[in-house]
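**Student:** The following file, data_13.cif, comprises mmCIF, C-alpha atoms:
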data_start
#
loop_
_atom_site.label_atom_id
_atom_site.label_comp_id
_atom_site.auth_asym_id
_atom_site.auth_seq_id
_atom_site.Cartn_x
_atom_site.Cartn_y
_atom_site.Cartn_z
CA MET A 1 -101.62 -158.28 31.54
CA GLY A 2 -103.19 -161.21 33.39
CA THR A 3 -102.73 -161.68 37.11
CA SER A 4 -101.07 -164.96 38.17
CA HIS A 5 -102.70 -166.78 41.04
CA PRO A 6 -100.78 -168.72 43.70
CA LEU A 7 -100.90 -172.47 43.54
CA THR A 8 -103.70 -173.97 45.60
CA LEU A 9 -102.52 -176.34 48.34
CA VAL A 10 -103.63 -179.32 46.25
CA GLU A 11 -101.68 -177.99 43.25
CA TRP A 12 -98.65 -177.28 45.42
CA THR A 13 -98.76 -180.78 46.91
CA THR A 14 -99.14 -182.37 43.46
CA ARG A 15 -96.15 -180.45 42.15
CA ASN A 16 -93.83 -180.70 45.17
CA SER A 17 -94.52 -184.00 46.91
CA ILE A 18 -92.00 -186.82 46.52
CA ARG A 19 -93.42 -190.04 45.09
CA LEU A 20 -92.37 -193.00 47.19
CA ALA A 21 -91.81 -196.62 46.36
CA ALA A 22 -94.75 -198.84 47.21
CA PRO A 23 -94.82 -200.19 50.80
CA GLY A 24 -92.62 -203.25 51.08
CA LEU A 25 -90.15 -202.09 48.38
CA ASP A 26 -86.78 -200.39 48.84
CA ALA A 27 -86.77 -196.61 49.11
CA THR A 28 -86.02 -194.43 46.08
CA SER A 29 -83.07 -192.04 46.06
CA ASP A 30 -85.44 -189.04 46.01
CA GLU A 31 -87.34 -190.10 49.08
CA LEU A 32 -84.12 -190.89 50.97
CA ALA A 33 -82.78 -187.44 50.14
CA LEU A 34 -85.98 -185.79 51.37
CA LEU A 35 -85.99 -187.90 54.53
CA ARG A 36 -82.41 -186.87 55.25
CA SER A 37 -83.37 -183.22 54.74
CA LEU A 38 -86.46 -183.54 56.96
CA VAL A 39 -84.64 -185.29 59.77
CA GLY A 40 -81.49 -183.18 59.80
CA ASP A 41 -79.92 -183.36 63.27
CA ALA A 42 -83.18 -184.05 65.10
CA ARG A 43 -82.90 -186.18 68.22
CA VAL A 44 -86.43 -187.62 67.95
CA VAL A 45 -88.37 -188.56 64.81
CA ALA A 46 -91.96 -189.69 65.35
CA LEU A 47 -93.68 -191.81 62.69
CA GLY A 48 -97.46 -191.83 62.97
CA GLU A 49 -100.49 -193.61 61.53
CA ASN A 50 -104.13 -192.63 61.29
CA SER A 51 -105.24 -196.05 62.53
CA HIS A 52 -103.53 -198.97 64.19
CA GLN A 53 -103.42 -202.40 62.51
CA ILE A 54 -102.79 -201.08 58.97
CA ARG A 55 -100.40 -203.12 56.84
CA GLU A 56 -99.06 -200.32 54.62
CA PHE A 57 -98.24 -198.04 57.55
CA GLY A 58 -96.27 -200.82 59.23
CA LEU A 59 -94.29 -201.52 56.07
CA LEU A 60 -93.47 -197.86 55.48
CA ARG A 61 -92.42 -197.30 59.08
CA GLU A 62 -90.06 -200.27 58.95
CA ARG A 63 -88.49 -198.86 55.77
CA VAL A 64 -87.97 -195.47 57.40
CA LEU A 65 -86.66 -197.15 60.56
CA ARG A 66 -84.04 -199.02 58.54
CA PHE A 67 -82.93 -195.80 56.88
CA LEU A 68 -82.75 -193.85 60.12
CA VAL A 69 -80.76 -196.59 61.83
CA ARG A 70 -78.37 -197.39 58.98
CA GLU A 71 -77.87 -193.96 57.44
CA CYS A 72 -78.58 -191.48 60.23
CA GLY A 73 -77.29 -193.28 63.32
CA PHE A 74 -80.52 -193.55 65.31
CA THR A 75 -79.98 -195.63 68.43
CA VAL A 76 -83.41 -196.38 69.97
CA TYR A 77 -86.73 -197.59 68.58
CA ALA A 78 -89.61 -196.63 70.91
CA VAL A 79 -93.27 -197.57 70.47
CA GLU A 80 -96.73 -197.48 72.07
CA PHE A 81 -96.05 -200.45 74.33
CA GLY A 82 -95.91 -200.74 78.10
CA ALA A 83 -92.63 -199.40 79.46
CA ALA A 84 -92.24 -202.23 81.99
CA SER A 85 -93.10 -204.99 79.49
CA GLY A 86 -90.84 -203.35 76.90
CA ARG A 87 -87.75 -204.36 78.86
CA THR A 88 -88.39 -208.00 77.98
CA VAL A 89 -88.76 -207.07 74.31
CA ASP A 90 -85.52 -205.07 74.47
CA ALA A 91 -83.72 -208.14 75.84
CA TRP A 92 -85.06 -210.15 72.89
CA VAL A 93 -83.97 -207.49 70.40
CA GLN A 94 -80.49 -207.65 71.90
CA GLY A 95 -80.36 -211.40 71.18
CA GLY A 96 -82.02 -212.84 74.27
CA ASP A 97 -84.25 -215.89 74.49
CA GLY A 98 -88.00 -215.86 74.01
CA ASP A 99 -90.64 -215.76 71.32
CA LEU A 100 -91.56 -212.38 69.86
CA ASP A 101 -95.03 -213.46 68.77
CA THR A 102 -95.79 -214.47 72.36
CA LEU A 103 -94.59 -211.09 73.62
CA PHE A 104 -96.43 -209.05 71.03
CA MET A 105 -99.35 -211.06 69.66
CA PRO A 106 -102.92 -209.90 70.23
CA ARG A 107 -103.97 -211.29 73.59
CA ALA A 108 -106.78 -213.72 74.26
CA ASP A 109 -108.66 -211.03 76.18
CA GLY A 110 -109.03 -209.00 73.02
CA TYR A 111 -106.38 -206.30 73.42
CA PRO A 112 -105.07 -205.76 69.87
CA GLY A 113 -101.32 -205.75 70.61
CA GLN A 114 -98.70 -205.00 67.96
CA SER A 115 -99.44 -205.70 64.29
CA ALA A 116 -97.73 -208.41 62.27
CA GLU A 117 -95.77 -205.68 60.47
CA GLY A 118 -94.73 -204.14 63.79
CA ARG A 119 -93.37 -207.49 64.93
CA ASP A 120 -91.51 -207.89 61.63
CA ALA A 121 -89.76 -204.57 62.29
CA LEU A 122 -88.55 -205.99 65.61
CA ARG A 123 -87.27 -209.12 63.85
CA TRP A 124 -85.27 -206.90 61.51
CA LEU A 125 -83.90 -205.00 64.49
CA ARG A 126 -82.76 -208.22 66.19
CA SER A 127 -81.06 -209.31 62.95
CA HIS A 128 -79.40 -205.90 62.60
CA ASN A 129 -78.17 -205.97 66.19
CA ALA A 130 -76.56 -209.38 65.72
CA THR A 131 -73.76 -207.80 63.67
CA ALA A 132 -74.03 -204.07 64.41
CA PRO A 133 -71.11 -202.46 66.27
CA HIS A 134 -73.64 -200.32 68.16
CA PRO A 135 -76.90 -202.27 68.74
CA VAL A 136 -80.19 -200.40 68.67
CA ARG A 137 -82.31 -200.54 71.80
CA PHE A 138 -86.06 -201.06 72.02
CA ALA A 139 -88.17 -199.07 74.47
CA GLY A 140 -91.81 -199.12 75.44
CA LEU A 141 -93.10 -195.66 76.32
CA ASP A 142 -96.65 -196.43 77.35
CA VAL A 143 -98.71 -197.16 80.43
CA PRO A 144 -99.17 -200.91 81.06
CA ALA A 145 -101.52 -202.81 78.72
CA ALA A 146 -102.57 -199.45 77.23
CA GLY A 147 -104.15 -198.61 80.56
CA GLY A 148 -106.01 -201.88 81.09
CA SER A 149 -104.02 -203.27 83.99
CA LEU A 150 -101.67 -202.03 86.69
CA GLU A 151 -100.08 -205.45 87.17
CA PRO A 152 -97.25 -205.18 84.56
CA ALA A 153 -96.03 -202.02 86.29
CA LEU A 154 -96.69 -202.85 89.96
CA GLU A 155 -95.32 -206.41 90.07
CA PRO A 156 -91.76 -205.19 89.27
CA VAL A 157 -92.22 -202.42 91.85
CA ALA A 158 -93.19 -204.95 94.53
CA ALA A 159 -90.12 -207.04 93.69
CA TYR A 160 -87.90 -203.95 93.84
CA LEU A 161 -89.29 -202.82 97.19
CA ALA A 162 -88.77 -206.30 98.64
CA GLU A 163 -85.05 -205.71 98.13
CA VAL A 164 -84.70 -202.06 99.15
CA ASP A 165 -87.59 -201.37 101.54
CA PRO A 166 -89.61 -204.45 102.57
CA GLY A 167 -91.92 -202.35 104.72
CA ALA A 168 -93.22 -200.57 101.64
CA VAL A 169 -94.21 -203.73 99.75
CA ARG A 170 -97.65 -203.52 101.39
CA TYR A 171 -98.46 -200.40 99.36
CA ALA A 172 -97.78 -202.12 96.05
CA ARG A 173 -99.64 -205.26 97.09
CA ALA A 174 -102.64 -203.30 98.34
CA ALA A 175 -102.78 -201.36 95.06
CA LEU A 176 -102.63 -204.61 93.09
CA ASP A 177 -105.50 -206.06 95.10
CA LEU A 178 -107.61 -202.93 94.69
CA ALA A 179 -106.88 -202.70 90.94
CA GLU A 180 -107.54 -206.35 90.12
CA PRO A 181 -111.35 -206.00 89.79
CA LEU A 182 -110.80 -203.08 87.38
CA ALA A 183 -108.43 -204.91 85.05
CA GLY A 184 -109.44 -205.43 81.43
CA GLY A 185 -108.11 -205.82 77.92
CA SER A 186 -107.59 -202.07 77.56
CA GLY A 187 -108.11 -198.80 79.39
CA LEU A 188 -111.54 -198.61 77.78
CA ALA A 189 -112.56 -201.95 79.31
CA SER A 190 -111.44 -200.75 82.73
CA ALA A 191 -113.33 -197.50 82.23
CA HIS A 192 -116.53 -199.45 81.53
CA THR A 193 -115.99 -201.42 84.74
CA ARG A 194 -115.52 -198.24 86.75
CA LEU A 195 -118.94 -197.03 85.63
CA THR A 196 -120.46 -199.85 87.69
CA LEU A 197 -118.58 -198.88 90.87
CA GLY A 198 -119.15 -196.14 93.36
CA PRO A 199 -116.37 -193.67 94.19
CA GLY A 200 -115.22 -195.60 97.29
CA PRO A 201 -113.16 -198.40 95.66
CA GLN A 202 -111.67 -195.96 93.14
CA ASP A 203 -110.72 -193.46 95.82
CA ARG A 204 -109.05 -196.18 97.89
CA LEU A 205 -106.97 -197.23 94.90
CA SER A 206 -105.97 -193.65 94.10
CA ALA A 207 -105.05 -193.00 97.75
CA THR A 208 -102.96 -196.18 97.93
CA LEU A 209 -101.09 -195.31 94.77
CA GLY A 210 -100.49 -191.85 96.20
CA ARG A 211 -98.95 -193.40 99.34
CA LEU A 212 -96.77 -195.61 97.15
CA LEU A 213 -95.63 -192.71 95.01
CA ASN A 214 -94.83 -190.66 98.10
CA ARG A 215 -92.79 -193.51 99.61
CA VAL A 216 -90.72 -194.09 96.49
CA THR A 217 -90.00 -190.40 95.92
CA ALA A 218 -89.37 -189.54 99.59
CA MET A 219 -86.87 -192.39 99.99
CA ARG A 220 -84.96 -191.58 96.80
CA GLU A 221 -81.47 -191.23 98.26
CA ILE A 222 -81.68 -194.39 100.35
CA TYR A 223 -83.14 -196.41 97.48
CA VAL A 224 -80.42 -195.20 95.11
CA GLN A 225 -77.75 -196.11 97.66
CA ARG A 226 -79.19 -199.61 98.04
CA SER A 227 -79.98 -200.41 94.40
CA GLY A 228 -78.17 -197.96 92.13
CA ARG A 229 -79.70 -195.10 90.19
CA GLN A 230 -80.80 -197.08 87.13
CA ALA A 231 -82.86 -199.58 89.14
CA TYR A 232 -84.40 -196.76 91.17
CA GLU A 233 -85.38 -194.73 88.12
CA ARG A 234 -86.94 -197.82 86.56
CA ALA A 235 -89.04 -198.47 89.66
CA LEU A 236 -90.05 -194.80 89.90
CA SER A 237 -91.17 -194.85 86.27
CA ASP A 238 -93.28 -197.93 86.96
CA VAL A 239 -94.96 -196.26 89.94
CA TRP A 240 -95.76 -193.24 87.80
CA ALA A 241 -97.13 -195.60 85.13
CA ALA A 242 -99.51 -197.15 87.66
CA TRP A 243 -100.60 -193.75 88.97
CA ARG A 244 -101.15 -192.34 85.48
CA THR A 245 -103.09 -195.47 84.50
CA ASP A 246 -105.46 -195.02 87.42
CA GLN A 247 -106.02 -191.38 86.46
CA MET A 248 -106.47 -192.32 82.79
CA GLN A 249 -109.09 -194.95 83.63
CA ARG A 250 -111.02 -192.50 85.78
CA ALA A 251 -110.98 -189.87 83.03
CA MET A 252 -112.11 -192.38 80.40
CA SER A 253 -114.94 -193.46 82.68
CA GLU A 254 -116.05 -189.83 82.88
CA LEU A 255 -115.84 -189.66 79.07
CA LEU A 256 -118.13 -192.68 78.76
CA SER A 257 -120.58 -191.14 81.22
CA GLY A 258 -120.84 -188.02 79.05
CA ALA A 259 -118.65 -185.67 81.09
CA PRO A 260 -115.26 -185.68 79.37
CA ASP A 261 -112.36 -183.62 80.69
CA ALA A 262 -109.64 -183.27 78.05
CA ALA A 263 -107.11 -182.18 80.66
CA ASP A 264 -107.58 -185.32 82.78
CA LEU A 265 -107.60 -187.47 79.62
CA ALA A 266 -104.02 -186.35 79.01
CA ALA A 267 -102.70 -188.66 81.77
CA ARG A 268 -101.57 -191.31 79.30
CA ASP A 269 -99.99 -188.83 76.87
CA ARG A 270 -98.17 -187.18 79.77
CA TYR A 271 -96.64 -190.53 80.67
CA LEU A 272 -95.70 -191.15 77.02
CA ALA A 273 -94.00 -187.75 76.84
CA ASP A 274 -92.22 -188.09 80.18
CA SER A 275 -91.03 -191.59 79.28
CA LEU A 276 -89.60 -190.33 76.00
CA LEU A 277 -87.87 -187.29 77.47
CA GLU A 278 -86.47 -189.25 80.41
CA LEU A 279 -85.18 -191.92 78.03
CA LEU A 280 -83.45 -189.22 76.02
CA ASP A 281 -81.87 -187.73 79.14
CA ARG A 282 -80.77 -191.07 80.64
CA SER A 283 -79.27 -192.42 77.46
CA GLY A 284 -76.49 -189.89 77.14
CA PRO A 285 -75.01 -187.86 74.28
CA GLY A 286 -75.62 -189.10 70.76
CA THR A 287 -78.94 -190.80 71.53
CA ARG A 288 -81.44 -190.47 68.69
CA ILE A 289 -84.88 -192.03 68.96
CA VAL A 290 -87.40 -193.24 66.37
CA VAL A 291 -90.93 -193.24 67.81
CA ALA A 292 -93.85 -195.20 66.36
CA ALA A 293 -97.25 -194.01 67.60
CA HIS A 294 -100.68 -192.86 66.44
CA ASN A 295 -100.95 -189.53 64.61
CA ALA A 296 -103.04 -188.22 67.52
CA HIS A 297 -100.14 -188.86 69.92
CA ILE A 298 -97.34 -187.34 67.83
CA GLN A 299 -98.94 -184.02 66.80
CA ARG A 300 -97.02 -180.89 67.78
CA THR A 301 -100.16 -178.92 68.66
CA ALA A 302 -102.36 -178.99 71.76
CA GLY A 303 -105.86 -180.40 71.50
CA PRO A 304 -108.60 -177.79 71.05
CA GLU A 305 -110.82 -176.72 73.92
CA GLY A 306 -113.80 -179.01 74.26
CA SER A 307 -112.12 -181.88 72.43
CA PRO A 308 -112.90 -185.45 73.58
CA LEU A 309 -109.21 -186.21 73.03
CA PRO A 310 -106.33 -185.32 75.39
CA ARG A 311 -105.65 -181.60 75.75
CA ILE A 312 -101.88 -182.14 75.73
CA PRO A 313 -100.76 -184.91 73.34
CA MET A 314 -97.34 -186.48 73.76
CA GLY A 315 -95.99 -184.70 70.68
CA HIS A 316 -96.99 -181.26 71.95
CA ALA A 317 -95.17 -181.77 75.25
CA VAL A 318 -92.09 -183.14 73.48
CA ALA A 319 -92.09 -180.35 70.87
CA GLN A 320 -92.27 -177.73 73.62
CA GLU A 321 -89.18 -179.27 75.18
CA LEU A 322 -87.13 -180.12 72.07
CA GLY A 323 -88.26 -177.61 69.44
CA THR A 324 -86.74 -178.49 66.06
CA ASP A 325 -85.02 -181.50 67.62
CA TYR A 326 -88.44 -183.16 67.32
CA VAL A 327 -89.77 -184.12 63.87
CA SER A 328 -93.33 -185.38 63.51
CA VAL A 329 -94.37 -187.38 60.40
CA ALA A 330 -98.06 -188.31 60.03
CA LEU A 331 -99.14 -191.27 57.90
CA THR A 332 -102.54 -191.34 56.22
CA SER A 333 -104.22 -192.63 53.06
CA GLY A 334 -106.53 -191.76 50.22
CA GLY A 335 -108.83 -194.70 50.79
CA GLY A 336 -108.98 -198.45 51.15
CA ARG A 337 -109.84 -200.38 54.28
CA THR A 338 -109.44 -199.22 57.84
CA VAL A 339 -110.45 -200.17 61.39
CA ARG A 340 -113.61 -199.14 63.19
CA ASN A 341 -113.42 -199.22 66.99
CA MET A 342 -116.83 -199.37 68.68
CA PRO A 343 -117.10 -199.21 72.50
CA ASP A 344 -118.65 -202.40 73.85
CA PRO A 345 -118.69 -203.03 77.61
CA ALA A 346 -119.38 -206.73 76.99
CA HIS A 347 -116.16 -207.21 75.00
CA PRO A 348 -112.95 -208.12 76.87
CA ALA A 349 -111.14 -205.17 75.29
CA GLY A 350 -114.01 -202.77 75.94
CA MET A 351 -114.45 -202.30 72.20
CA ARG A 352 -115.02 -204.27 69.05
CA GLN A 353 -112.82 -203.88 66.00
CA SER A 354 -114.18 -204.34 62.50
CA ALA A 355 -112.90 -203.72 59.00
CA VAL A 356 -114.67 -200.95 57.09
CA ASP A 357 -114.08 -198.79 54.04
CA ALA A 358 -112.16 -195.60 54.77
CA PRO A 359 -114.35 -192.52 54.30
CA GLU A 360 -113.88 -190.26 51.30
CA ALA A 361 -111.52 -187.36 51.89
CA ALA A 362 -113.33 -184.39 53.42
CA PRO A 363 -112.79 -181.20 51.36
CA ASP A 364 -110.90 -179.51 54.21
CA SER A 365 -108.86 -182.57 55.18
CA VAL A 366 -105.17 -183.43 54.92
CA GLU A 367 -106.19 -186.34 52.72
CA ALA A 368 -107.70 -183.95 50.15
CA LEU A 369 -104.24 -182.40 49.64
CA PHE A 370 -103.13 -185.60 47.90
CA SER A 371 -106.02 -185.84 45.42
CA GLY A 372 -103.62 -184.99 42.58
CA VAL A 373 -101.28 -187.91 43.37
CA PRO A 374 -103.62 -190.90 43.65
CA GLU A 375 -101.32 -193.39 41.92
CA ALA A 376 -98.45 -193.74 44.43
CA PRO A 377 -97.48 -193.05 48.03
CA ALA A 378 -96.36 -189.46 48.40
CA LEU A 379 -94.44 -187.47 51.00
CA VAL A 380 -94.84 -183.74 51.46
CA ASP A 381 -92.73 -181.40 53.59
CA ILE A 382 -95.47 -179.69 55.59
CA ARG A 383 -93.12 -176.99 56.83
CA THR A 384 -92.62 -175.72 53.28
CA LEU A 385 -96.30 -176.14 52.42
CA ARG A 386 -97.22 -174.18 55.57
CA ALA A 387 -94.98 -171.29 54.48
CA HIS A 388 -96.70 -171.23 51.07
CA ALA A 389 -100.17 -171.31 52.65
CA LYS A 390 -99.46 -168.54 55.12
CA HIS A 391 -97.65 -166.33 52.59
CA HIS A 392 -100.68 -166.39 50.29
CA ALA A 393 -103.31 -166.54 53.06
CA LEU A 394 -104.73 -169.77 51.65
CA PRO A 395 -107.33 -171.82 53.54
CA GLU A 396 -105.57 -174.63 55.42
CA PRO A 397 -106.79 -178.17 56.09
CA ALA A 398 -108.71 -178.39 59.33
CA CYS A 399 -108.89 -182.14 59.93
CA ILE A 400 -107.15 -185.46 59.37
CA ARG A 401 -108.64 -188.93 59.15
CA MET A 402 -108.65 -191.00 62.34
CA ASP A 403 -109.89 -194.57 61.92
CA ASP A 404 -113.19 -194.17 60.02
CA GLY A 405 -113.81 -190.53 60.94
CA PHE A 406 -112.01 -187.20 60.94
CA LEU A 407 -110.21 -185.44 63.78
CA PRO A 408 -110.32 -181.62 63.89
CA ILE A 409 -106.73 -180.37 63.89
CA PRO A 410 -104.67 -177.45 62.54
CA ALA A 411 -102.80 -179.94 60.38
CA LEU A 412 -100.13 -177.67 58.89
CA ASP A 413 -99.01 -176.74 62.40
CA ALA A 414 -99.41 -180.22 63.86
CA TYR A 415 -96.91 -182.11 61.69
CA ASP A 416 -93.60 -181.52 59.95
CA ALA A 417 -94.37 -183.95 57.13
CA VAL A 418 -97.20 -186.15 55.90
CA VAL A 419 -97.03 -189.40 53.94
CA SER A 420 -100.17 -190.55 52.14
CA VAL A 421 -100.59 -193.96 50.56
CA PRO A 422 -103.29 -194.46 47.90
CA ARG A 423 -105.10 -197.32 49.65
CA THR A 424 -104.72 -199.29 52.84
CA THR A 425 -105.40 -202.86 53.88
CA LEU A 426 -105.49 -204.40 57.33
CA THR A 427 -102.74 -206.33 59.06
CA ALA A 428 -102.84 -210.09 58.71
CA ASP A 429 -103.78 -210.41 62.38
CA ILE A 430 -107.31 -209.10 61.83
CA GLY A 431 -107.79 -209.82 58.13
CA ARG A 432 -108.51 -207.59 55.18
#
Take the structure I supplied and represent it as structure tokens, if you would.
**Tutor:**
Amino acid sequence: MGTSHPLTLVEWTTRNSIRLAAPGLDATSDELALLRSLVGDARVVALGENSHQIREFGLLRERVLRFLVRECGFTVYAVEFGAASGRTVDAWVQGGDGDLDTLFMPRADGYPGQSAEGRDALRWLRSHNATAPHPVRFAGLDVPAAGGSLEPALEPVAAYLAEVDPGAVRYARAALDLAEPLAGGSGLASAHTRLTLGPGPQDRLSATLGRLLNRVTAMREIYVQRSGRQAYERALSDVWAAWRTDQMQRAMSELLSGAPDAADLAARDRYLADSLLELLDRSGPGTRIVVAAHNAHIQRTAGPEGSPLPRIPMGHAVAQELGTDYVSVALTSGGGRTVRNMPDPAHPAGMRQSAVDAPEAAPDSVEALFSGVPEAPALVDIRTLRAHAKHHALPEPACIRMDDGFLPIPALDAYDAVVSVPRTTLTADIGR
């Protein structure tokens, strides 16, 4: 009698993944059923991408967003966008005045901003809110300008302090003055600038932000009495954003100099996680949040020792707090075009973006799992695949594509589900 062998992970994925409708089309009944099963009663669902500025990922995320809002009652859409600046976008989503392209378009200084597809999702949300009995809110979770400038966070703080504690305005203004020479189109640009400075100016900025943070936290009860709790918590979050941004820039500068510290690099992800968890706590019972962020931010696992990426990603911190109330869905692809980001201190954003061919799937990659379903987007429940792999002691994928390379990661532990599209193209903002 012959001995049957367990399905390989590629065979299992080919047999058990759900084929999805092409990006831009309505969802199929099978994929909606699987999404409902994956999401369950989770309070936070994170939708990733292996590279920013990819058209197909934006289209798929909007489709899932519509489903989660309409069919599952999700109440907040949160993205990698500055928390302070996100309040203006939220006002627009709720029907306020303004121009979304102006708020979200790539800036003249080179910072990439939100993709055309990401802005289209916000247009749908505004349209939905116009008639919805319970409008969906928008929230930015990120440090200001992705770490390139303290101004979007500190200007509101200075205005707040002018009302509740005029004597403290000097701390915010001093920090703004000290940070101005460091400002750039991204945290990477600011990190390049810091390489040209001695420790003195950086230490003065860090010390000033420390004084500001101490003032705002020490005066909590008086500030709350004078302004109300919501205004105080908003100002406190902005001070933390400025402080985390300073720490992030310093850590990235060390990375560029060849001495990375993955623990210090986690400053931005810590702010992302704290923003998300505080939003969940402040928003009251029934709040359910859809998060759009890079796969590297949403993973449930910590970064490995010695990694050039943050030791504690946002998703790991959130998963530790929420457990199964957090669902992480990575998006990747079998091939096509992707973005290459090359550090360049002469560029306003600190890096140059170019369109390149996505690399072939590495044999031990997540992408290789989908080699048997090359003809259509496919979704696989990683939790079930993980159980199969561990039961049969099968070798598990050890990396996932990130831009035009691969990121080492215990993929079956890092995500609850993965969606792979056959080929990707670039957003209209940066061409194909």
**Student:** Since I can't run it myself right now, could you work out what the PyMOL selection byres ((chain A and resi 16) around 10) selects here and report it as a list in words?
**Tutor:**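 That expression, the PyMOL selection byres ((chain A and resi 16) around 10), corresponds here to Val10, Glu11, Trp12, Thr13, Thr14, Arg15, Ser17, Ile18, Arg19, Ala378, Leu379, Val380, Asp381, Thr384 and Leu385 of chain A.
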**Student:** Restricting the calculation to only C-alpha atoms, which member of A:Pro285, A:Gly303, A:Pro343, A:Gly350 is positioned closest to A:Ala411?
**Tutor:**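 Counting only C-alpha atoms, the residue closest to A:Ala411 is A:Gly303.
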**Student:** Excluding stretch 56-67 of chain A and any residue of its chain fewer than 4 positions from it, enumerate the residues within 8 Å of it, using only C-alpha atoms, and give them as a PDB file with C-alpha atoms, keeping the file's coordinate frame.
**Tutor:**
ATOM      1  CA  PRO A  23     -94.820-200.190  50.800  1.00  0.00           C
ATOM      2  CA  GLY A  24     -92.620-203.250  51.080  1.00  0.00           C
ATOM      3  CA  ASP A  26     -86.780-200.390  48.840  1.00  0.00           C
ATOM      4  CA  ALA A  27     -86.770-196.610  49.110  1.00  0.00           C
ATOM      5  CA  LEU A  32     -84.120-190.890  50.970  1.00  0.00           C
ATOM      6  CA  LEU A  47     -93.680-191.810  62.690  1.00  0.00           C
ATOM      7  CA  GLU A  49    -100.490-193.610  61.530  1.00  0.00           C
ATOM      8  CA  GLU A  71     -77.870-193.960  57.440  1.00  0.00           C
ATOM      9  CA  CYS A  72     -78.580-191.480  60.230  1.00  0.00           C
ATOM     10  CA  SER A 115     -99.440-205.700  64.290  1.00  0.00           C
ATOM     11  CA  GLU A 117     -95.770-205.680  60.470  1.00  0.00           C
ATOM     12  CA  GLY A 118     -94.730-204.140  63.790  1.00  0.00           C
ATOM     13  CA  ALA A 121     -89.760-204.570  62.290  1.00  0.00           C
ATOM     14  CA  VAL A 290     -87.400-193.240  66.370  1.00  0.00           C
ATOM     15  CA  ALA A 292     -93.850-195.200  66.360  1.00  0.00           C
ATOM     16  CA  LEU A 331     -99.140-191.270  57.900  1.00  0.00           C
ATOM     17  CA  VAL A 421    -100.590-193.960  50.560  1.00  0.00           C
ATOM     18  CA  THR A 424    -104.720-199.290  52.840  1.00  0.00           C
ATOM     19  CA  THR A 425    -105.400-202.860  53.880  1.00  0.00           C
TER      20      THR A 425
END
**Student:** Taking into account only C-alpha atoms, which residue in the set A:Gly198, A:Pro374, A:Gly187, A:Pro345 is nearest to A:Ala267?
**Tutor:** A:Gly187
**Student:** Is it possible to get the residues within 10 Å of (-101.5, -206.0, 83.8) (coordinates as in the file, counting all atoms listed in the file) written as a list in words?
**Tutor:**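 Here the neighbourhood of the point contains Gly82, Ser85, Val143, Pro144, Ala145, Ala146, Gly147, Gly148, Ser149, Leu150, Glu151, Pro152, Ala153, Leu154, Glu155, Leu176, Ala179, Glu180, Ala183, Gly184, Gly185, Ser186 and Ala242 of chain A.
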**Student:** So how many Å separate atom CA of A:Arg337 and atom CA of A:Ile54, to one decimal?
**Tutor:**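 Atom CA of A:Ile54 lies at a distance of 8.5 Å from atom CA of A:Arg337.
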**Student:** Smallest atom-to-atom distance to A:Gly286: which of A:Ala266, A:His52, A:Gly73, A:Ala22, using only C-alpha atoms?
**Tutor:**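 Counting only C-alpha atoms, the residue closest to A:Gly286 is A:Gly73.
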**Student:** Between A:Gly140, A:Gly335, A:Gly40, A:Pro395, which is the closest to A:Leu272 once you count only C-alpha atoms?
**Tutor:**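 Among the listed residues, the smallest separation from A:Leu272 belongs to A:Gly140.
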**Student:** Pick from A:Val69, A:Leu25, A:Ala317, A:Leu125: nearest to A:Val89, with all atoms listed in the file counted?
**Tutor:**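 Answer, going by the shortest atom-to-atom distance: A:Leu125.
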**Student:** Any idea what's packed within 6 Å of A:Ile400, counting only C-alpha atoms, ignoring anything in its chain fewer than 6 positions away? Could you give it as an MDAnalysis selection string?
**Tutor:** chainID A and resid 365:366 406:407
